[in-house]
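Q: The structure's right below; bear with me while I get my questions together.
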Amino acid sequence: MSKVRDINLAPEGELKMEWAKRHMPVLNLIREEFKVEKPFKGITIGMALHLEAKTGILAETLMEGGAKIAITGCNPLSTQDDVAAACVKKGMNVYAWRGETNEEYYENLNKVLDYNPDIIIDDGADLIFLLHTQRRELLDNIMGGCEETTTGVIRLKAMAEEGSLKFPVINVNDAHTKYLFDNRYGTGQSAIDGILRTTNLLIAGKNVVVAGYGWCGRGVAMRASGMGASVIVTEVNPIRALEAKMDGFRVMKMEDAAKIGDIFITTTGCKDVINAGHMLIMKDGAILANAGHFDNEINKEDLLSISKDYKVVRFNIEEYDLGNKKLYLLGEGRLVNLACGDGHPCEVMDMSFANQALSAKYIRDNHENLENRVYSIPYEQDLRIASLKLKSMGVEIDELTLEQRKYLSDWREGT
């Protein structure tokens, strides 16, 4: 029995899903293959993802392949209630609504696991972590899982290194057709979009501080710069810091950036990136936003502890009065692109979710021969998705001739 906010919202969610589907051509092609092949017949897939329109299309695709779907959200503020209702109407088992308490969030994860899934599709690895801690009786049934976030992959690799991981997991996050587009262009656009929707303020002319210069940080810095911001990057990795410098951005420590930043966006996957020490030296009116998976990059306990007063001044904007100044936190410090917007554009999620769908099929076909570790996706899959995406865009590229192939593979050819 599903549990959502309001089942009567389903028609609105169906319209959102139909719009998303029109702009996800690669996933639609995979769906047609799944209709015929039915690779998931008799298989239950447990999913914990941001439950919005594009996710609904992924779940539909897996259902077309014969799967029984049990799904919940992976963030208390990212579920779209109309989409959750629409997914119920389409025959999925759904346990999610926007604004879940922490207790409700974990109850819903457990509801998904109550279906005794064969395959896990995760975002942040909370489902997988729960299986390994509180629901270990279900582990023997798991063929494998897929994980699509940097944060989740870090957790899973740590588990694998200490021998704690009990089933194979495909690292969807590091697929070229995921991180080069989803992390960079998707996060770059959607994080800025979430900030603009929520604040209705101008980016041009402001100092935008981007914490972290991985692919997500690069995307955010690129988009902020393109809108006229003066971008400052903070980093702990000297190579990435050097890249940011040579890409034309100012690079400095957070303690220095905190004094001059107007908007702060964290993209690190680490905790306490912005803490009380930074907040105390920020300018009056500084805006804090997070684009990392968990809500611990901006230390909210620190922010509350140094504040004399707190109130909600606009939907998704909390004002913290420190006495001598006011700071503003967006979306409760959760993923600003989903808490305050609609998430990544359909076109990039088309590739990310194509990777999820094909990786789930790879697990179904190969789980008996896989070890309990984190696997990269097959490079051939990456190439196939990129080729399908180019075809959908009407783009043709060259192919190597037989002579060129021979030249590249024969070291005796010289120059």
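Residue numbers start at 1 in each chain; chains themselves are named A, B, ... in the order of the structure tokens; ligands are numbered from 1 in the order shown.
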Can you tell me, as an MDAnalysis selection string, which residues in region 165-310 of chain A count as helix (DSSP H, G or I) by DSSP?
A: chainID A and resid 176:199 215:226 238:246 254:257 276:279 300:305
Q: Which polymer residues have any atom within 6 Å of an atom of Leu77 (chain A), counting only C-alpha atoms, with same-chain residues fewer than 3 positions away left out, as a list in words?
A: Arg98, Gly99 and Ala339 of chain A
Q: Suppose we keep N, CA, C and O atoms; can you now write the selection as a PDB file, in the first residue's frame?
A:
ATOM      1  N   ARG A  98       7.064  15.419   0.105  1.00  0.00           N
ATOM      2  CA  ARG A  98       7.970  16.524   0.425  1.00  0.00           C
ATOM      3  C   ARG A  98       7.791  16.920   1.886  1.00  0.00           C
ATOM      4  O   ARG A  98       6.670  17.015   2.388  1.00  0.00           O
ATOM      5  N   GLY A  99       8.895  17.141   2.573  1.00  0.00           N
ATOM      6  CA  GLY A  99       8.852  17.602   3.950  1.00  0.00           C
ATOM      7  C   GLY A  99       8.799  16.496   4.975  1.00  0.00           C
ATOM      8  O   GLY A  99       8.344  16.704   6.105  1.00  0.00           O
ATOM      9  N   ALA A 339      15.585  21.157  -3.765  1.00  0.00           N
ATOM     10  CA  ALA A 339      14.746  21.732  -2.713  1.00  0.00           C
ATOM     11  C   ALA A 339      14.108  23.035  -3.186  1.00  0.00           C
ATOM     12  O   ALA A 339      13.002  23.375  -2.768  1.00  0.00           O
TER      13      ALA A 339
END
Q: Mind checking DSSP for region 137-202 of chain A and telling me the strand (DSSP E) residues as a ChimeraX atom specification?
A: /A:144-147,169-171
Q: Restricting the calculation to only C-alpha atoms, which member of A:Phe294, A:Thr101, A:Cys346, A:Cys340 is positioned closest to Lys16 (chain A)?
A: A:Cys346
Q: Tell me which protein, DNA and RNA residues are within 10 Å of Glu161 (chain A), counting only C-alpha atoms, leaving out same-chain ones fewer than 4 positions away, and put them as a PyMOL selection string.
A: chain A and resi 156-157+165+373-374
Q: Any chance you could export the current selection's N, CA, C and O atoms as an mmCIF file, in the first residue's frame?
A:
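What follows is the written file part.cif:
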data_model
loop_
_atom_site.group_PDB
_atom_site.id
_atom_site.type_symbol
_atom_site.label_atom_id
_atom_site.label_comp_id
_atom_site.auth_asym_id
_atom_site.auth_seq_id
_atom_site.Cartn_x
_atom_site.Cartn_y
_atom_site.Cartn_z
ATOM 1 N N LEU A 156 30.515 3.816 -0.563
ATOM 2 C CA LEU A 156 30.541 2.414 -0.985
ATOM 3 C C LEU A 156 31.971 1.908 -1.189
ATOM 4 O O LEU A 156 32.276 0.752 -0.867
ATOM 5 N N LYS A 157 32.835 2.752 -1.716
ATOM 6 C CA LYS A 157 34.232 2.346 -1.878
ATOM 7 C C LYS A 157 34.888 2.116 -0.520
ATOM 8 O O LYS A 157 35.703 1.189 -0.366
ATOM 9 N N LEU A 165 31.180 -4.553 2.109
ATOM 10 C CA LEU A 165 30.164 -4.540 1.054
ATOM 11 C C LEU A 165 29.781 -5.971 0.689
ATOM 12 O O LEU A 165 30.645 -6.785 0.357
ATOM 13 N N ARG A 373 32.165 -5.701 -4.843
ATOM 14 C CA ARG A 373 32.962 -4.478 -4.909
ATOM 15 C C ARG A 373 32.264 -3.464 -5.792
ATOM 16 O O ARG A 373 31.197 -3.743 -6.359
ATOM 17 N N VAL A 374 32.860 -2.298 -5.924
ATOM 18 C CA VAL A 374 32.296 -1.230 -6.751
ATOM 19 C C VAL A 374 32.889 -1.319 -8.153
ATOM 20 O O VAL A 374 34.110 -1.296 -8.322
#
Q: Quick one: everything within 12 Å of Phe181 (chain A), counting only C-alpha atoms, minus sequence neighbours fewer than 2 positions away in the same chain. Send it as a ChimeraX atom specification.
A: /A:173-179,183-189,215-216,218-219,344-352,386,389
Q: Using only C-alpha atoms, can you tell me which of A:Lys89, A:Lys41, A:Lys361, A:Arg412 comes closest to Asp6 (chain A)?
A: A:Lys89
Q: Excluding region 44-52 of chain A and its own-chain neighbours fewer than 5 positions away, which residues fall within 8 Å of it when counting only C-alpha atoms? Please give them as a ChimeraX atom specification.
A: /A:67-75,78-80,83-84,96,109,112-113,115-123,126-127,338,342
Q: Out of A:Glu60, A:Glu235, A:Glu148, A:Glu332, which residue has the shortest atom-to-atom distance to Ala257 (chain A) when counting only C-alpha atoms?
A: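 Checking each of A:Glu60, A:Glu235, A:Glu148, A:Glu332 against Ala257 (chain A), counting only C-alpha atoms, the winner is A:Glu235.
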